[in-house]
Amino acid sequence: MPYALRRTGQAALVVAATFVLAFLLLHALPGDAIVARYASPELGLTEAQLDQLRLVYGTDQPVWVQLWQSAAGFLSGDLGTSLQNGAAVESLLAAALPATVALASLGFLVAVLLACGVAVAATFSSAEWLRRAFRSLPPLFVSVPVFWLGIVLLQVFSFQLGLIPVINANPVEALVLPVLTIAVPIAAPLAQVLIRSIDDTVAEPFIAVARARGAGPRWLLSKEVARNSLLPTLTIAGVLFGELIAGAVVTETVFARTGLGRLTVDAVATRDTPVLQAIVVISAVGFVAINLAVDLVAPAIDPRLRKAVHA
Amino acid sequence: MSASAAVLLPRSTERPAARRRPALTLVLAIAVLAVALAWAIAPWLFTSQDPLAGEALNALQPPSGAHPFGTDATGRDLLARVIFGAANSLSGAAIAVLVGLVVGTAIGVLAGSTGGVAEEALMRIVDVLLAIPGLLLALSVIVLLGFGVTNAAIAVGVTSIAVFARLARSQVLRVRRSDYVEAAFGSGGSFLRVLWRHVLPNSLGAVLALAALQFGSAILQISTLGFLGYGAPPPTPEWGLLIAESRDYVGSAAWLTTLPGLVVAAVVLSANRVASAVRKATA
C-alpha cells in the first residue's frame with residue numbers, strides 16, 4: 001500500500017517540523033529562560049549560581065544541541081522540566097489530562113447530538129420558516145464568544161434559576177455547564193457541514209428514485225441520506241479537535257476547573273515554555289493523527305474514493 | 001448578448017433583480033458594521049461619558065436612561081467603555097487580517113509560482129501552522145512577543161497565515177493554467193507583470209471574501225485573548241477584557257457581561273454575513 005505509506009511519512013514529517021518550529025519559537029525568547037525565571041534581584045543569585053542553573057537545565061548548550069536533546073527526550077517520553085515548579089512536564093500533563101478528557105469527550109458527544117438535531121431540523125422540517133430558523137443557528141453559534149457563553153450560562157442556570165449550585169456542586173452538576181459551553185463551538189461547524197452535505201445528498205438522483213418509489217422522509221433520512229451525508233463531516237474532524245482544545249482552555253478558565261486548558265493558561269502567564277511546548281507538540285500530533293486516520297479510513301467507507309486514491 | 005443569451009443563461013437574469021433588492025439581513029449587517037466602525041473612528045461623537053473615569057457613588061447601576069448599559073464596579077459608564085473599546089478591538093482585528101493576508105498571500109503566491117522543492121517546503125510549513133490548534137499557536141506567539149494589544153493582534157494574524165497561503169496558492173495555480181495567462185507569457189510578459197496584471201485581479205474576490213471572514217473570527221479571537229488577560233492591560237476598554245472584568249459580578253450585575261457580549265456577537269455575526277455575501281458575489 002504505497003499511498004498509506006506515503007501519507008504516513010508525510011504526517012511524520014509534519015509532526016517533526018512542528019516540533020522544530022515549536023522549539024525554535026519558544027526558545028527564541030529574549031534572554032534565556034533561566035534569566036527570566038531566576039535573575040530577579042529579590043532572589044539574590046550570583047552570576048555563578050545562574051551559570052550552575054543553566055548547567056542543570058542544559059540552557060548553556062548551543063540551540064541545536066538543546067533541540068537534539070529535547071527531541072530525544074520527547075521520543076523517550078521525557079517532555080522536559082517545568083521552569084515554574086521544577087516538576088516533570090509529563091507528570092503535570094498526566095495529572096491534568098483526565099479532567100480535560102472527561103470535559104472534552106462529553107462536550108463532543110453533546111455537540112454531535114446538537115449538530116445532528118439542528119441539521120435534520122434544518123433540512124427535514126415541514127415548515128419553510130422552521131427550516132430557515134434552524135439554518136441560521138450555526139452561523140449564530142460561530143459568532144458567539146465562548147467565554148461569554150459560559151458566563152451567561154452560569155448567570156442564568158446558577159444565579160437566576162438556581163438549578164446548579166455554584167458552591168459544593170457534585171462532580172456531575174459541576175460538569176453540566178462546562179460541557180454545554182464547550183459543545184457549542186464544536187456543534188456549529190459540524191452542523192454547517194452536515195446541512196450542506198444533506199443538501200447535496202438530497203439533490204442526488206438516487207434520492208429522487210427512492211422518493212418516486214414511495215419512500216417517506218423518515219425512511220429517506222435513515223436509509224439513504226444519513227449514510228451518505230456523514231462522510232464529509234469526517235474531513236473536519238481535525239479542525240474539531242483543535243476547537244476542543246481551544247474550548248478547553250477557555251471553558252476551564254471560565255469555570256475555574258483544573259485540566260490541560262488551565263495548565264496552558266498558567267504556562268503562558270508564567271512563560272513556562274517547556275510546558276507550553278509539550279502541549280503544542282502533543283496537540284499537533286493529535287491533529288495530524290486524526291487527519292491521517294480519516295484519510296486512510298475514508299476509502300474503506302466510501303468506495304468512490306478508492307479510485308481517486310490509486311490514481 | 002441580449003434576449004438569446006438570457007435564455008441560455010437563466011442565472012444572468014436573476015442576478016440584477018437580486019442586486020436591486022438586497023437581503024434585509026445583509027443591510028442590517030452592513031449597518032451594524034458601519035456603527036462599529038464609526039465607534040472606532042470617532043467614539044466621542046456617540047457618548048459624552050468618560051470611559052476611564054467613573055464616580056464611585058454611581059457604581060454597579062443597572063441600565064437606565066443616563067447609562068444605557070449601566071455602570072461597572074468603579075462607576076464607569078459601560079456603554080462608553082464598549083464604544084471606546086471598538087477602536088482597540090477593530091484595529092486589532094484589522095492588524096490580524098493584514099498580517100495573515102500579507103504573509104499568507106506572499107507564501108502562497110511564492111509556492112504556487114515557483115513549484116518544485118520550494119513549493120513543497122513552503123506548503124509543509126503551512127501544514128505545520130495548520131496542525132497547531134489556532135489558540136495554542138496564538139498563545140505561543142504571545143509568549144514570544146509579550147502581552148499587549150498589538151502583540152495579541154499579530155498572534156491572531158499568525159493563525160490565519162495558513163488559510164491565506166492555501167487560498168493564494170490555489171488561485172495562482174488556477175489562473176496560471178488558463179489560456180490568457182499563457183498568452184500573456186507568450187507575448188513576452190515578465191512573471192511579476194503577469195502576476196500583477198492577470199493573476200492578482202482574478203484572485204481578488206476570493207481573497208477579499210476570506211479576509212472578511214477572517215475579520216469576524218479575528219474579533220472573536222482577540223476578545224478571547226483579552227479575556228484570558230494577554231491583550232490590552234486594564235483599564236484599557238477592550239471588549240474581551242470588559243467581559244473578564246465583570247466576571248466577579250456575574251451574580252449581582254448581569255448586564256455587565258451580557259451587553260458587551262451581545263455587541264461582540266452582533267459585530268462578528270455581521271462580519272460573517274457580509275463575508276458570505278462577498279463570496280457569493282465574486283464566485
# chains A, B, ... in the order shown; residues from 1 in each chain; ligands from 1
$ closest_atom_pairs --of "chain B" --to "chain A" --cutoff "9 Å" --atoms "only C-alpha atoms" --output "JSON lines"
{"residue": "B:Arg124", "atom": "CA", "partner": "A:Val14", "partner_atom": "CA", "distance": 6.7}
{"residue": "B:Ile125", "atom": "CA", "partner": "A:Ala17", "partner_atom": "CA", "distance": 7.6}
{"residue": "B:Asp127", "atom": "CA", "partner": "A:Val14", "partner_atom": "CA", "distance": 6.7}
{"residue": "B:Val128", "atom": "CA", "partner": "A:Thr18", "partner_atom": "CA", "distance": 5.4}
{"residue": "B:Leu129", "atom": "CA", "partner": "A:Thr18", "partner_atom": "CA", "distance": 7.9}
{"residue": "B:Leu130", "atom": "CA", "partner": "A:Ala284", "partner_atom": "CA", "distance": 8.6}
{"residue": "B:Ala131", "atom": "CA", "partner": "A:Ala284", "partner_atom": "CA", "distance": 5.0}
{"residue": "B:Ile132", "atom": "CA", "partner": "A:Ala284", "partner_atom": "CA", "distance": 4.9}
{"residue": "B:Pro133", "atom": "CA", "partner": "A:Gly242", "partner_atom": "CA", "distance": 4.5}
{"residue": "B:Gly134", "atom": "CA", "partner": "A:Gly242", "partner_atom": "CA", "distance": 7.1}
{"residue": "B:Leu135", "atom": "CA", "partner": "A:Ala246", "partner_atom": "CA", "distance": 5.6}
{"residue": "B:Leu136", "atom": "CA", "partner": "A:Val280", "partner_atom": "CA", "distance": 6.4}
{"residue": "B:Leu137", "atom": "CA", "partner": "A:Val280", "partner_atom": "CA", "distance": 7.6}
{"residue": "B:Leu139", "atom": "CA", "partner": "A:Val268", "partner_atom": "CA", "distance": 6.8}
{"residue": "B:Ser140", "atom": "CA", "partner": "A:Leu26", "partner_atom": "CA", "distance": 6.8}
{"residue": "B:Val141", "atom": "CA", "partner": "A:Leu25", "partner_atom": "CA", "distance": 7.4}
{"residue": "B:Ile142", "atom": "CA", "partner": "A:Val268", "partner_atom": "CA", "distance": 8.0}
{"residue": "B:Val143", "atom": "CA", "partner": "A:Val268", "partner_atom": "CA", "distance": 6.1}
{"residue": "B:Leu144", "atom": "CA", "partner": "A:Leu29", "partner_atom": "CA", "distance": 5.6}
{"residue": "B:Leu145", "atom": "CA", "partner": "A:Leu29", "partner_atom": "CA", "distance": 8.0}
{"residue": "B:Gly216", "atom": "CA", "partner": "A:Ser143", "partner_atom": "CA", "distance": 7.9}
{"residue": "B:Ser217", "atom": "CA", "partner": "A:Ser143", "partner_atom": "CA", "distance": 7.8}
{"residue": "B:Leu220", "atom": "CA", "partner": "A:Pro145", "partner_atom": "CA", "distance": 6.0}
{"residue": "B:Gln221", "atom": "CA", "partner": "A:Pro145", "partner_atom": "CA", "distance": 8.3}
{"residue": "B:Ser223", "atom": "CA", "partner": "A:Pro145", "partner_atom": "CA", "distance": 7.8}
{"residue": "B:Thr224", "atom": "CA", "partner": "A:Phe147", "partner_atom": "CA", "distance": 7.1}
{"residue": "B:Phe227", "atom": "CA", "partner": "A:Phe147", "partner_atom": "CA", "distance": 7.7}
{"residue": "B:Leu228", "atom": "CA", "partner": "A:Val265", "partner_atom": "CA", "distance": 7.7}
{"residue": "B:Gly229", "atom": "CA", "partner": "A:Ala269", "partner_atom": "CA", "distance": 8.6}
{"residue": "B:Tyr230", "atom": "CA", "partner": "A:Ala269", "partner_atom": "CA", "distance": 8.1}
{"residue": "B:Gly240", "atom": "CA", "partner": "A:Trp148", "partner_atom": "CA", "distance": 8.7}
{"residue": "B:Ile243", "atom": "CA", "partner": "A:Trp148", "partner_atom": "CA", "distance": 7.1}
{"residue": "B:Ala244", "atom": "CA", "partner": "A:Trp148", "partner_atom": "CA", "distance": 8.7}
{"residue": "B:Arg247", "atom": "CA", "partner": "A:Ile151", "partner_atom": "CA", "distance": 7.3}
{"residue": "B:Val250", "atom": "CA", "partner": "A:Gln155", "partner_atom": "CA", "distance": 6.0}
{"residue": "B:Gly251", "atom": "CA", "partner": "A:Phe159", "partner_atom": "CA", "distance": 5.6}
{"residue": "B:Ser252", "atom": "CA", "partner": "A:Phe159", "partner_atom": "CA", "distance": 8.6}
{"residue": "B:Ala254", "atom": "CA", "partner": "A:Gln155", "partner_atom": "CA", "distance": 7.0}
{"residue": "B:Thr257", "atom": "CA", "partner": "A:Trp148", "partner_atom": "CA", "distance": 7.2}
{"residue": "B:Thr258", "atom": "CA", "partner": "A:Val152", "partner_atom": "CA", "distance": 6.8}
{"residue": "B:Gly261", "atom": "CA", "partner": "A:Trp148", "partner_atom": "CA", "distance": 6.1}
{"residue": "B:Leu262", "atom": "CA", "partner": "A:Val144", "partner_atom": "CA", "distance": 8.1}
{"residue": "B:Val264", "atom": "CA", "partner": "A:Pro145", "partner_atom": "CA", "distance": 7.5}
{"residue": "B:Ala265", "atom": "CA", "partner": "A:Val144", "partner_atom": "CA", "distance": 4.9}
{"residue": "B:Ala266", "atom": "CA", "partner": "A:Ser143", "partner_atom": "CA", "distance": 7.7}
{"residue": "B:Val267", "atom": "CA", "partner": "A:Ser143", "partner_atom": "CA", "distance": 8.4}
{"residue": "B:Val268", "atom": "CA", "partner": "A:Ser143", "partner_atom": "CA", "distance": 5.4}
{"residue": "B:Leu269", "atom": "CA", "partner": "A:Ser143", "partner_atom": "CA", "distance": 5.2}
{"residue": "B:Ser270", "atom": "CA", "partner": "A:Ser143", "partner_atom": "CA", "distance": 8.9}
{"residue": "B:Asn272", "atom": "CA", "partner": "A:Pro139", "partner_atom": "CA", "distance": 7.8}
{"residue": "B:Arg273", "atom": "CA", "partner": "A:Pro139", "partner_atom": "CA", "distance": 8.5}
$ residues_around --residues "B:Val109" --least-positions-apart "2" --cutoff "12 Å" --atoms "only C-alpha atoms" --output "JSON, numbers by chain"
{"B": [101, 102, 103, 104, 105, 106, 107, 111, 112, 113, 114, 115, 118, 119, 122, 123, 164, 165, 166, 167, 168, 169, 170, 171, 172, 173, 174, 175, 176, 191, 192, 195, 196, 199, 200, 203]}
$ residues_around --residues "stretch 73-78 of chain A" --least-positions-apart "5" --cutoff "9 Å" --atoms "only C-alpha atoms" --output "count of residues only"
5
